[in-house]
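Colleague: Here you go, my_file.pdb (PDB, C-alpha atoms):
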ATOM      1  CA  MET A   1     174.301 -19.258 100.987  1.00  0.00           C
ATOM      2  CA  THR A   2     171.640 -18.411 103.570  1.00  0.00           C
ATOM      3  CA  ALA A   3     169.432 -15.403 102.958  1.00  0.00           C
ATOM      4  CA  TYR A   4     168.170 -13.465 105.946  1.00  0.00           C
ATOM      5  CA  TRP A   5     164.889 -11.684 105.923  1.00  0.00           C
ATOM      6  CA  GLN A   6     164.478  -8.605 108.055  1.00  0.00           C
ATOM      7  CA  LEU A   7     161.084  -8.432 109.730  1.00  0.00           C
ATOM      8  CA  THR A   8     159.260  -5.187 109.230  1.00  0.00           C
ATOM      9  CA  ILE A   9     157.224  -3.475 111.897  1.00  0.00           C
ATOM     10  CA  TRP A  10     154.048  -4.764 110.228  1.00  0.00           C
ATOM     11  CA  ASP A  11     155.212  -8.395 110.422  1.00  0.00           C
ATOM     12  CA  VAL A  12     156.056  -7.953 114.090  1.00  0.00           C
ATOM     13  CA  LEU A  13     152.672  -6.299 114.808  1.00  0.00           C
ATOM     14  CA  ASP A  14     150.845  -9.207 113.117  1.00  0.00           C
ATOM     15  CA  GLU A  15     152.745 -11.731 115.221  1.00  0.00           C
ATOM     16  CA  ILE A  16     152.380  -9.821 118.484  1.00  0.00           C
ATOM     17  CA  SER A  17     148.616  -9.438 117.968  1.00  0.00           C
ATOM     18  CA  GLU A  18     148.300 -13.229 118.113  1.00  0.00           C
ATOM     19  CA  ALA A  19     150.759 -13.631 121.006  1.00  0.00           C
ATOM     20  CA  PRO A  20     149.589 -14.132 124.609  1.00  0.00           C
ATOM     21  CA  PRO A  21     148.671 -10.959 126.538  1.00  0.00           C
ATOM     22  CA  THR A  22     151.723 -11.252 128.768  1.00  0.00           C
ATOM     23  CA  SER A  23     154.308 -11.223 125.929  1.00  0.00           C
ATOM     24  CA  PRO A  24     156.595  -8.123 125.966  1.00  0.00           C
ATOM     25  CA  LEU A  25     156.432  -5.341 123.389  1.00  0.00           C
ATOM     26  CA  ALA A  26     160.198  -4.537 123.363  1.00  0.00           C
ATOM     27  CA  LEU A  27     160.677  -6.081 119.906  1.00  0.00           C
ATOM     28  CA  VAL A  28     157.905  -3.847 118.550  1.00  0.00           C
ATOM     29  CA  TRP A  29     159.689  -0.687 119.732  1.00  0.00           C
ATOM     30  CA  GLU A  30     163.027  -1.837 118.296  1.00  0.00           C
ATOM     31  CA  CYS A  31     161.467  -2.639 114.918  1.00  0.00           C
ATOM     32  CA  LEU A  32     159.600   0.670 114.887  1.00  0.00           C
ATOM     33  CA  ASP A  33     162.827   2.605 115.578  1.00  0.00           C
ATOM     34  CA  ALA A  34     164.597   0.691 112.787  1.00  0.00           C
ATOM     35  CA  GLU A  35     161.708   1.330 110.381  1.00  0.00           C
ATOM     36  CA  LEU A  36     161.537   5.073 111.059  1.00  0.00           C
ATOM     37  CA  GLU A  37     165.314   5.624 110.870  1.00  0.00           C
ATOM     38  CA  ASN A  38     165.685   6.042 107.098  1.00  0.00           C
ATOM     39  CA  LEU A  39     162.329   7.703 106.305  1.00  0.00           C
ATOM     40  CA  PRO A  40     161.674  11.423 105.724  1.00  0.00           C
ATOM     41  CA  ILE A  41     159.817  13.316 108.472  1.00  0.00           C
ATOM     42  CA  GLU A  42     156.331  13.147 106.834  1.00  0.00           C
ATOM     43  CA  ALA A  43     156.689   9.415 106.187  1.00  0.00           C
ATOM     44  CA  GLN A  44     157.992   8.881 109.756  1.00  0.00           C
ATOM     45  CA  LEU A  45     154.930  10.625 111.175  1.00  0.00           C
ATOM     46  CA  SER A  46     152.496   8.678 108.960  1.00  0.00           C
ATOM     47  CA  THR A  47     154.183   5.312 109.639  1.00  0.00           C
ATOM     48  CA  ALA A  48     154.443   6.001 113.374  1.00  0.00           C
ATOM     49  CA  ALA A  49     150.747   7.002 113.512  1.00  0.00           C
ATOM     50  CA  THR A  50     149.645   3.796 111.761  1.00  0.00           C
ATOM     51  CA  ALA A  51     151.944   1.682 113.966  1.00  0.00           C
ATOM     52  CA  PHE A  52     150.734   3.413 117.161  1.00  0.00           C
ATOM     53  CA  TYR A  53     147.139   2.833 116.098  1.00  0.00           C
ATOM     54  CA  GLN A  54     147.803  -0.909 115.669  1.00  0.00           C
ATOM     55  CA  ILE A  55     149.783  -1.053 118.925  1.00  0.00           C
ATOM     56  CA  ALA A  56     146.899   0.676 120.738  1.00  0.00           C
ATOM     57  CA  ASP A  57     144.479  -1.916 119.268  1.00  0.00           C
ATOM     58  CA  ILE A  58     146.713  -4.747 120.495  1.00  0.00           C
ATOM     59  CA  LEU A  59     146.950  -3.186 123.966  1.00  0.00           C
ATOM     60  CA  LYS A  60     143.180  -2.672 124.059  1.00  0.00           C
ATOM     61  CA  SER A  61     142.437  -6.306 123.200  1.00  0.00           C
ATOM     62  CA  ARG A  62     145.023  -7.473 125.771  1.00  0.00           C
ATOM     63  CA  ALA A  63     143.476  -5.244 128.432  1.00  0.00           C
ATOM     64  CA  GLU A  64     140.001  -6.610 127.664  1.00  0.00           C
ATOM     65  CA  LEU A  65     141.271 -10.183 128.021  1.00  0.00           C
ATOM     66  CA  LEU A  66     142.996  -9.393 131.309  1.00  0.00           C
ATOM     67  CA  LEU A  67     139.895  -7.606 132.643  1.00  0.00           C
ATOM     68  CA  GLU A  68     137.708 -10.572 131.690  1.00  0.00           C
ATOM     69  CA  ASP A  69     140.074 -12.862 133.590  1.00  0.00           C
ATOM     70  CA  VAL A  70     139.968 -10.596 136.658  1.00  0.00           C
ATOM     71  CA  ARG A  71     136.166 -10.386 136.533  1.00  0.00           C
ATOM     72  CA  ALA A  72     135.847 -14.149 136.116  1.00  0.00           C
ATOM     73  CA  HIS A  73     138.253 -14.734 139.011  1.00  0.00           C
ATOM     74  CA  ASN A  74     136.297 -12.421 141.345  1.00  0.00           C
ATOM     75  CA  ASP A  75     132.803 -13.463 140.199  1.00  0.00           C
ATOM     76  CA  THR A  76     130.929 -15.291 142.955  1.00  0.00           C
ATOM     77  CA  ASP A  77     128.311 -16.690 140.543  1.00  0.00           C
ATOM     78  CA  GLY A  78     130.904 -18.565 138.539  1.00  0.00           C
ATOM     79  CA  PRO A  79     131.758 -18.303 134.884  1.00  0.00           C
ATOM     80  CA  VAL A  80     129.160 -17.492 132.245  1.00  0.00           C
ATOM     81  CA  ILE A  81     129.079 -20.350 129.787  1.00  0.00           C
ATOM     82  CA  SER A  82     127.249 -20.393 126.493  1.00  0.00           C
ATOM     83  CA  THR A  83     124.617 -23.118 126.229  1.00  0.00           C
ATOM     84  CA  ASP A  84     125.889 -24.061 122.767  1.00  0.00           C
ATOM     85  CA  ILE A  85     128.722 -26.122 124.247  1.00  0.00           C
ATOM     86  CA  PHE A  86     126.201 -28.430 125.936  1.00  0.00           C
ATOM     87  CA  ALA A  87     124.256 -29.122 122.731  1.00  0.00           C
ATOM     88  CA  GLY A  88     125.747 -32.583 122.238  1.00  0.00           C
ATOM     89  CA  LEU A  89     125.708 -33.494 125.935  1.00  0.00           C
ATOM     90  CA  VAL A  90     122.159 -32.667 127.012  1.00  0.00           C
ATOM     91  CA  ARG A  91     119.075 -34.498 125.821  1.00  0.00           C
ATOM     92  CA  THR A  92     116.229 -32.100 125.251  1.00  0.00           C
ATOM     93  CA  THR A  93     113.488 -34.523 124.225  1.00  0.00           C
ATOM     94  CA  MET A  94     112.719 -38.090 125.116  1.00  0.00           C
ATOM     95  CA  GLN A  95     110.219 -40.602 123.848  1.00  0.00           C
ATOM     96  CA  LEU A  96     109.184 -43.581 125.917  1.00  0.00           C
ATOM     97  CA  ASP A  97     107.338 -46.484 124.299  1.00  0.00           C
ATOM     98  CA  LEU A  98     105.148 -48.251 126.870  1.00  0.00           C
ATOM     99  CA  ASP A  99     103.103 -50.303 124.403  1.00  0.00           C
ATOM    100  CA  ASP A 100     104.761 -53.548 125.550  1.00  0.00           C
ATOM    101  CA  LEU A 101     103.726 -52.890 129.165  1.00  0.00           C
ATOM    102  CA  ILE A 102      99.993 -52.500 128.484  1.00  0.00           C
ATOM    103  CA  GLU A 103      97.916 -55.616 129.006  1.00  0.00           C
ATOM    104  CA  GLU A 104      95.481 -56.633 126.357  1.00  0.00           C
ATOM    105  CA  SER A 105      91.874 -56.218 127.379  1.00  0.00           C
ATOM    106  CA  PRO A 106      89.967 -59.450 127.899  1.00  0.00           C
ATOM    107  CA  PRO A 107      87.715 -60.409 125.011  1.00  0.00           C
ATOM    108  CA  GLN A 108      84.130 -59.296 125.478  1.00  0.00           C
ATOM    109  CA  THR A 109      81.497 -61.950 125.476  1.00  0.00           C
ATOM    110  CA  PHE A 110      77.917 -61.229 124.584  1.00  0.00           C
ATOM    111  CA  ARG A 111      74.902 -63.332 125.337  1.00  0.00           C
ATOM    112  CA  PRO A 112      73.021 -64.362 122.261  1.00  0.00           C
ATOM    113  CA  HIS A 113      69.744 -62.550 121.808  1.00  0.00           C
ATOM    114  CA  GLY A 114      66.539 -64.348 121.204  1.00  0.00           C
ATOM    115  CA  PRO A 115      64.544 -63.829 118.046  1.00  0.00           C
ATOM    116  CA  HIS A 116      63.080 -60.375 117.626  1.00  0.00           C
ATOM    117  CA  GLN A 117      59.479 -59.927 116.618  1.00  0.00           C
ATOM    118  CA  PHE A 118      59.275 -56.380 115.390  1.00  0.00           C
ATOM    119  CA  PHE A 119      56.235 -56.723 113.165  1.00  0.00           C
ATOM    120  CA  SER A 120      54.354 -59.471 114.981  1.00  0.00           C
ATOM    121  CA  THR A 121      51.458 -58.802 117.291  1.00  0.00           C
ATOM    122  CA  PRO A 122      52.588 -57.892 120.807  1.00  0.00           C
ATOM    123  CA  GLN A 123      51.985 -60.414 123.576  1.00  0.00           C
ATOM    124  CA  ASN A 124      50.660 -57.749 125.985  1.00  0.00           C
ATOM    125  CA  ASN A 125      47.709 -55.923 124.511  1.00  0.00           C
ATOM    126  CA  ASP A 126      48.313 -52.823 126.617  1.00  0.00           C
ATOM    127  CA  SER A 127      51.219 -51.604 124.379  1.00  0.00           C
ATOM    128  CA  VAL A 128      50.669 -48.592 122.174  1.00  0.00           C
ATOM    129  CA  ALA A 129      53.594 -49.413 119.898  1.00  0.00           C
ATOM    130  CA  ALA A 130      52.712 -50.621 116.432  1.00  0.00           C
ATOM    131  CA  PRO A 131      54.087 -50.318 112.915  1.00  0.00           C
ATOM    132  CA  VAL A 132      53.086 -47.105 111.181  1.00  0.00           C
ATOM    133  CA  GLU A 133      52.974 -46.447 107.467  1.00  0.00           C
ATOM    134  CA  LYS A 134      55.575 -44.060 106.076  1.00  0.00           C
ATOM    135  CA  ALA A 135      52.963 -41.820 104.494  1.00  0.00           C
ATOM    136  CA  ASN A 136      51.188 -41.402 107.856  1.00  0.00           C
ATOM    137  CA  VAL A 137      54.472 -40.395 109.586  1.00  0.00           C
ATOM    138  CA  LEU A 138      55.209 -37.819 106.871  1.00  0.00           C
ATOM    139  CA  ALA A 139      51.714 -36.408 107.087  1.00  0.00           C
ATOM    140  CA  MET A 140      52.049 -36.095 110.870  1.00  0.00           C
ATOM    141  CA  LEU A 141      55.403 -34.317 110.513  1.00  0.00           C
ATOM    142  CA  GLU A 142      53.965 -31.804 108.046  1.00  0.00           C
ATOM    143  CA  GLU A 143      51.630 -30.640 110.784  1.00  0.00           C
ATOM    144  CA  VAL A 144      54.561 -29.941 113.142  1.00  0.00           C
ATOM    145  CA  THR A 145      55.645 -26.319 112.518  1.00  0.00           C
ATOM    146  CA  THR A 146      56.533 -24.873 115.934  1.00  0.00           C
ATOM    147  CA  LEU A 147      58.393 -25.954 119.021  1.00  0.00           C
ATOM    148  CA  GLU A 148      55.096 -26.203 120.889  1.00  0.00           C
ATOM    149  CA  ASP A 149      53.882 -28.749 118.312  1.00  0.00           C
ATOM    150  CA  VAL A 150      56.989 -30.851 119.036  1.00  0.00           C
ATOM    151  CA  HIS A 151      56.255 -30.761 122.788  1.00  0.00           C
ATOM    152  CA  ASN A 152      52.619 -31.683 122.183  1.00  0.00           C
ATOM    153  CA  LEU A 153      53.671 -34.582 119.982  1.00  0.00           C
ATOM    154  CA  ALA A 154      55.956 -35.986 122.691  1.00  0.00           C
ATOM    155  CA  SER A 155      53.490 -35.404 125.505  1.00  0.00           C
ATOM    156  CA  ASP A 156      51.154 -38.147 124.235  1.00  0.00           C
ATOM    157  CA  GLU A 157      53.613 -40.789 125.444  1.00  0.00           C
ATOM    158  CA  ASP A 158      53.375 -42.238 128.957  1.00  0.00           C
ATOM    159  CA  VAL A 159      57.039 -42.144 130.025  1.00  0.00           C
ATOM    160  CA  GLN A 160      56.438 -43.861 133.367  1.00  0.00           C
ATOM    161  CA  LYS A 161      54.677 -46.755 131.665  1.00  0.00           C
ATOM    162  CA  TRP A 162      57.636 -47.216 129.288  1.00  0.00           C
ATOM    163  CA  LYS A 163      60.102 -47.071 132.168  1.00  0.00           C
ATOM    164  CA  ASP A 164      58.202 -49.749 134.110  1.00  0.00           C
ATOM    165  CA  ALA A 165      57.969 -51.987 131.044  1.00  0.00           C
ATOM    166  CA  ILE A 166      61.731 -51.759 130.376  1.00  0.00           C
ATOM    167  CA  ALA A 167      62.582 -52.463 134.037  1.00  0.00           C
ATOM    168  CA  GLN A 168      60.248 -55.480 134.090  1.00  0.00           C
ATOM    169  CA  TYR A 169      61.811 -56.858 130.896  1.00  0.00           C
ATOM    170  CA  LEU A 170      65.364 -56.463 132.278  1.00  0.00           C
ATOM    171  CA  THR A 171      64.498 -58.321 135.489  1.00  0.00           C
ATOM    172  CA  GLN A 172      62.980 -61.191 133.451  1.00  0.00           C
ATOM    173  CA  VAL A 173      66.029 -61.446 131.149  1.00  0.00           C
ATOM    174  CA  GLN A 174      68.561 -61.449 133.975  1.00  0.00           C
ATOM    175  CA  GLN A 175      66.568 -64.079 135.897  1.00  0.00           C
TER     176      GLN A 175
END
Show me the file's structure as structure tokens.

Modeller:
Amino acid sequence: MTAYWQLTIWDVLDEISEAPPTSPLALVWECLDAELENLPIEAQLSTAATAFYQIADILKSRAELLLEDVRAHNDTDGPVISTDIFAGLVRTTMQLDLDDLIEESPPQTFRPHGPHQFFSTPQNNDSVAAPVEKANVLAMLEEVTTLEDVHNLASDEDVQKWKDAIAQYLTQVQQ
């Protein structure tokens, strides 16, 4: 034996709220009439008010959908699309490894230096450079207390003479 289940107005309203916006509401009105038929007046008014409230919500959401479609159809800028749908399609960062394309620099070759004679007697007797005892350097530095003393200390050197000596040495080494 087959049992039939009569849909209530609430079942129909749940189904019609998920239906497309163009689906008719005739079944809703029939179910509402059948629901209100056997109820007392107070219950009819309360049930009808709740049903009308839900029907108005369904009509409001349908109207919003239809208005969005009309606006989208008449929009000259095109549809507004959320950027979230492009998250998997668009690359936002990129790393490029160019290490394999860089040439290695040629090895540097240095000419061997001759023996240095730091503490031997200089060949040219006109040089003022000579080894100085550590105690003498410290004693000289104790006398330096102002910036003027530092300038006076440096002014004893003949810079032009040093420059000429270095230039002469470089021309002899490069031959």

Colleague: Which residue is closest to Leu32 of chain A? Choose from A:Ala87, A:Ala49, A:Ile9, A:Ala72 and count only C-alpha atoms.

Modeller: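 Of the candidates, the smallest distance to Leu32 of chain A is held by A:Ile9.
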
Colleague: To one decimal in Å, tell me the separation between atom CA of Val132 of chain A and atom CA of Val144 of chain A.

Modeller: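 These atoms are spaced 17.3 Å apart.
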
Colleague: Have a look at A:Leu170, A:Val12, A:Leu101, A:Ala135 and name the one nearest to Ile55 of chain A; count only C-alpha atoms.

Modeller: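 The answer is A:Val12, which sits nearest to Ile55 of chain A.
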
Colleague: Tell me, in Å to one decimal, how far atom CA of Val80 of chain A is from atom CA of Lys60 of chain A.

Modeller: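 Going from atom CA of Val80 of chain A over to atom CA of Lys60 of chain A, I get 22.0 Å.
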
Colleague: Might you pull out every residue within 12 Å of Gln44 of chain A, with all atoms listed in the file counted and same-chain residues fewer than 6 positions away left off, and present them as a VMD selection string?

Modeller: chain A and resid 32 to 38 50 to 52

Colleague: Of the candidates A:Leu39, A:Ala19, A:Ile85, A:Ala26, which one gets nearest to Ser61 of chain A if we count all atoms listed in the file?

Modeller: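 Among the listed residues, A:Ala19 lies closest to Ser61 of chain A.
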
Colleague: For a test of reading the model, state the distance in Å between atom CA of Ser23 of chain A and atom CA of Leu65 of chain A, rounded to one decimal.

Modeller: 13.2 Å

Colleague: Selected by the PyMOL selection byres ((chain A and resi 25) around 12) in the shown coordinates: which residues, as a PDB file with C-alpha atoms, keeping the file's coordinate frame?

Modeller:
ATOM      1  CA  ILE A   9     157.224  -3.475 111.897  1.00  0.00           C
ATOM      2  CA  VAL A  12     156.056  -7.953 114.090  1.00  0.00           C
ATOM      3  CA  LEU A  13     152.672  -6.299 114.808  1.00  0.00           C
ATOM      4  CA  GLU A  15     152.745 -11.731 115.221  1.00  0.00           C
ATOM      5  CA  ILE A  16     152.380  -9.821 118.484  1.00  0.00           C
ATOM      6  CA  SER A  17     148.616  -9.438 117.968  1.00  0.00           C
ATOM      7  CA  ALA A  19     150.759 -13.631 121.006  1.00  0.00           C
ATOM      8  CA  PRO A  20     149.589 -14.132 124.609  1.00  0.00           C
ATOM      9  CA  PRO A  21     148.671 -10.959 126.538  1.00  0.00           C
ATOM     10  CA  THR A  22     151.723 -11.252 128.768  1.00  0.00           C
ATOM     11  CA  SER A  23     154.308 -11.223 125.929  1.00  0.00           C
ATOM     12  CA  PRO A  24     156.595  -8.123 125.966  1.00  0.00           C
ATOM     13  CA  ALA A  26     160.198  -4.537 123.363  1.00  0.00           C
ATOM     14  CA  LEU A  27     160.677  -6.081 119.906  1.00  0.00           C
ATOM     15  CA  VAL A  28     157.905  -3.847 118.550  1.00  0.00           C
ATOM     16  CA  TRP A  29     159.689  -0.687 119.732  1.00  0.00           C
ATOM     17  CA  GLU A  30     163.027  -1.837 118.296  1.00  0.00           C
ATOM     18  CA  CYS A  31     161.467  -2.639 114.918  1.00  0.00           C
ATOM     19  CA  LEU A  32     159.600   0.670 114.887  1.00  0.00           C
ATOM     20  CA  ILE A  55     149.783  -1.053 118.925  1.00  0.00           C
ATOM     21  CA  ALA A  56     146.899   0.676 120.738  1.00  0.00           C
ATOM     22  CA  ILE A  58     146.713  -4.747 120.495  1.00  0.00           C
ATOM     23  CA  LEU A  59     146.950  -3.186 123.966  1.00  0.00           C
ATOM     24  CA  ARG A  62     145.023  -7.473 125.771  1.00  0.00           C
TER      25      ARG A  62
END

Colleague: The centre and edge lengths of an axis-aligned box containing all atoms of segment 51-62 of chain A present in the file, extended by 3 Å on each side, are to be given in Å to one decimal, as JSON.

Modeller:
{"center_x": 147.2, "center_y": -2.0, "center_z": 119.9, "size_x": 15.5, "size_y": 16.9, "size_z": 17.8}

Colleague: Reconstruct N, CA, C and O atoms of segment 60-80 of chain A from the incomplete input and present them as a tab-separated table (two decimals), in the frame of the given file.

Modeller:
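As written to disk, rebuild.tsv reads:
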chain	number	residue	atom	x	y	z
A	60	LYS	N	144.60	-2.67	123.67
A	60	LYS	CA	143.18	-2.67	124.06
A	60	LYS	C	142.65	-4.10	124.17
A	60	LYS	O	141.98	-4.46	125.15
A	61	SER	N	142.94	-4.93	123.16
A	61	SER	CA	142.44	-6.31	123.20
A	61	SER	C	143.08	-7.09	124.35
A	61	SER	O	142.42	-7.90	125.00
A	62	ARG	N	144.37	-6.81	124.63
A	62	ARG	CA	145.02	-7.47	125.77
A	62	ARG	C	144.39	-7.04	127.09
A	62	ARG	O	144.18	-7.85	127.98
A	63	ALA	N	144.09	-5.75	127.20
A	63	ALA	CA	143.48	-5.24	128.43
A	63	ALA	C	142.10	-5.86	128.63
A	63	ALA	O	141.72	-6.22	129.76
A	64	GLU	N	141.33	-5.99	127.55
A	64	GLU	CA	140.00	-6.61	127.66
A	64	GLU	C	140.11	-8.06	128.13
A	64	GLU	O	139.33	-8.51	128.98
A	65	LEU	N	141.08	-8.80	127.59
A	65	LEU	CA	141.27	-10.18	128.02
A	65	LEU	C	141.65	-10.27	129.49
A	65	LEU	O	141.14	-11.11	130.24
A	66	LEU	N	142.57	-9.39	129.91
A	66	LEU	CA	143.00	-9.39	131.31
A	66	LEU	C	141.85	-9.00	132.24
A	66	LEU	O	141.68	-9.58	133.32
A	67	LEU	N	141.04	-8.01	131.81
A	67	LEU	CA	139.90	-7.61	132.64
A	67	LEU	C	138.86	-8.72	132.74
A	67	LEU	O	138.26	-8.93	133.80
A	68	GLU	N	138.63	-9.44	131.64
A	68	GLU	CA	137.71	-10.57	131.69
A	68	GLU	C	138.20	-11.63	132.66
A	68	GLU	O	137.41	-12.22	133.41
A	69	ASP	N	139.51	-11.89	132.65
A	69	ASP	CA	140.07	-12.86	133.59
A	69	ASP	C	139.89	-12.41	135.03
A	69	ASP	O	139.56	-13.22	135.91
A	70	VAL	N	140.12	-11.12	135.29
A	70	VAL	CA	139.97	-10.60	136.66
A	70	VAL	C	138.51	-10.68	137.09
A	70	VAL	O	138.20	-11.11	138.21
A	71	ARG	N	137.60	-10.31	136.20
A	71	ARG	CA	136.17	-10.39	136.53
A	71	ARG	C	135.73	-11.83	136.79
A	71	ARG	O	134.98	-12.10	137.72
A	72	ALA	N	136.20	-12.74	135.95
A	72	ALA	CA	135.85	-14.15	136.12
A	72	ALA	C	136.42	-14.70	137.41
A	72	ALA	O	135.78	-15.52	138.09
A	73	HIS	N	137.62	-14.25	137.77
A	73	HIS	CA	138.25	-14.73	139.01
A	73	HIS	C	137.51	-14.23	140.25
A	73	HIS	O	137.40	-14.94	141.25
A	74	ASN	N	136.98	-13.02	140.19
A	74	ASN	CA	136.30	-12.42	141.34
A	74	ASN	C	134.79	-12.62	141.32
A	74	ASN	O	134.11	-12.18	142.24
A	75	ASP	N	134.25	-13.26	140.32
A	75	ASP	CA	132.80	-13.46	140.20
A	75	ASP	C	132.36	-14.59	141.14
A	75	ASP	O	132.87	-15.70	141.07
A	76	THR	N	131.40	-14.28	142.00
A	76	THR	CA	130.93	-15.29	142.96
A	76	THR	C	129.91	-16.25	142.33
A	76	THR	O	129.67	-17.32	142.85
A	77	ASP	N	129.30	-15.84	141.21
A	77	ASP	CA	128.31	-16.69	140.54
A	77	ASP	C	128.95	-17.74	139.66
A	77	ASP	O	128.28	-18.65	139.18
A	78	GLY	N	130.22	-17.62	139.41
A	78	GLY	CA	130.90	-18.57	138.54
A	78	GLY	C	130.96	-18.05	137.12
A	78	GLY	O	130.43	-16.99	136.79
A	79	PRO	N	131.60	-18.78	136.26
A	79	PRO	CA	131.76	-18.30	134.88
A	79	PRO	C	130.45	-18.37	134.10
A	79	PRO	O	129.60	-19.21	134.37
A	80	VAL	N	130.30	-17.49	133.14
A	80	VAL	CA	129.16	-17.49	132.24
A	80	VAL	C	129.53	-18.35	131.05
A	80	VAL	O	130.51	-18.07	130.37
